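Trainee: Before we start, here is the structure in question, set down as structure tokens.
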Amino acid sequence: MRAVVDLAVHSGPTRLSRTAEVARRTGTPLKFLEAIVSELRRAGIVEARRGAEGGVRLARSVDRITAGQVWRAVDGPLVSPSVERGNGADGNALAVQWLWTQVDRVVEREVDGVTLDELVKRAQQTSSTLDFSI
């Protein structure tokens, strides 16, 4: 998520960010970030261009990308493991599964309701309120 917020801040429709720069700014190991960028590209969240003038940028505007889309692109579905009926699952296990299903719905609703635009604004607000004076 930090890499996508970084791209939102440092790249644009005509400006690409080099993956190595994003890795440095976010403190993410380069090989790990390259794998994440590959997943984000497959999901249509980022665009990548190779070559001397290459780099990465968001494929859509920040108000059209949600935290849930990024999360699912990188980590897969947000759902918790399920309990199968009939394989020794008792009422207790099924009750706990019901609870996790409810939690999943709440989490999905929340992360799908937060756009990258909102995350960027929060990041900028937080950065502007930091005081490093001694």
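Following the order of the structure tokens, first chain is A, next is B, and so on, with residues numbered from 1 inside each chain and ligands from 1 in the order they appear.
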Could you give me, as a list in words, the residues within 9 Å of Glu34 (chain A), counting only C-alpha atoms and dropping anything in the same chain fewer than 4 positions from it?
Mentor: Thr19, Ala20, Ala23, Pro29, Leu30, Ser38 and Glu39 of chain A
Trainee: Hey, what's within 9 Å of Pro13 (chain A) if we count only C-alpha atoms and toss same-chain stuff fewer than 6 positions away? As a list in words, please?
Mentor: Arg57, Leu58, Ala59, Arg60 and Ser61 of chain A
Trainee: For those residues, write N, CA and C atoms to a file as a PDB file, in the first residue's frame.
Mentor:
```pdb
ATOM      1  N   ARG A  57       3.800   4.154 -13.048  1.00  0.00           N
ATOM      2  CA  ARG A  57       2.834   5.173 -12.636  1.00  0.00           C
ATOM      3  C   ARG A  57       1.479   4.500 -12.465  1.00  0.00           C
ATOM      4  N   LEU A  58       0.569   5.199 -11.833  1.00  0.00           N
ATOM      5  CA  LEU A  58      -0.783   4.682 -11.655  1.00  0.00           C
ATOM      6  C   LEU A  58      -1.488   4.632 -13.004  1.00  0.00           C
ATOM      7  N   ALA A  59      -2.303   3.612 -13.203  1.00  0.00           N
ATOM      8  CA  ALA A  59      -3.030   3.437 -14.460  1.00  0.00           C
ATOM      9  C   ALA A  59      -4.339   4.234 -14.483  1.00  0.00           C
ATOM     10  N   ARG A  60      -4.821   4.607 -13.313  1.00  0.00           N
ATOM     11  CA  ARG A  60      -6.067   5.374 -13.205  1.00  0.00           C
ATOM     12  C   ARG A  60      -5.853   6.518 -12.215  1.00  0.00           C
ATOM     13  N   SER A  61      -6.789   7.424 -12.185  1.00  0.00           N
ATOM     14  CA  SER A  61      -6.696   8.537 -11.241  1.00  0.00           C
ATOM     15  C   SER A  61      -6.869   8.035  -9.809  1.00  0.00           C
TER      16      SER A  61
END
```
Trainee: Can you list every residue in region 13-132 of chain A that DSSP puts in alpha helix (DSSP H), as an NGL selection string?
Mentor: :A and (19-26 or 30-42 or 67-75 or 91-112 or 116-129)
Trainee: Report, in Å with one decimal, the straight-line distance from CA of Met1 (chain A) to CA of Ala67 (chain A).
Mentor: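 The value is 7.5 Å.
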Trainee: Find, counting only C-alpha atoms, the residue in A:Ala3, A:Val62, A:Ser11, A:Ala93 that gets nearest to Lys121 (chain A).
Mentor: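 For Lys121 (chain A), the nearest of the given residues is A:Val62.
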Trainee: Where does DSSP see strand (DSSP E) in chain A, if you list the residues as a list in words?
Mentor: Val46, Glu47, Ala48, Arg49, Gly55, Val56, Arg57 and Leu58 of chain A
Trainee: Only C-alpha atoms, please: the residues just picked out, written as a short mmCIF file (atom, residue, chain, number, x, y, z; two decimals), in the first residue's frame.
Mentor:
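Dumped everything to part.cif:
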```
data_model
loop_
_atom_site.label_atom_id
_atom_site.label_comp_id
_atom_site.auth_asym_id
_atom_site.auth_seq_id
_atom_site.Cartn_x
_atom_site.Cartn_y
_atom_site.Cartn_z
CA VAL A 46 -0.21 0.56 -12.39
CA GLU A 47 1.39 0.90 -15.79
CA ALA A 48 5.05 0.15 -16.38
CA ARG A 49 7.36 1.25 -19.16
CA GLY A 55 9.27 3.63 -14.81
CA VAL A 56 5.95 3.05 -13.11
CA ARG A 57 2.83 5.17 -12.64
CA LEU A 58 -0.78 4.68 -11.66
#
```
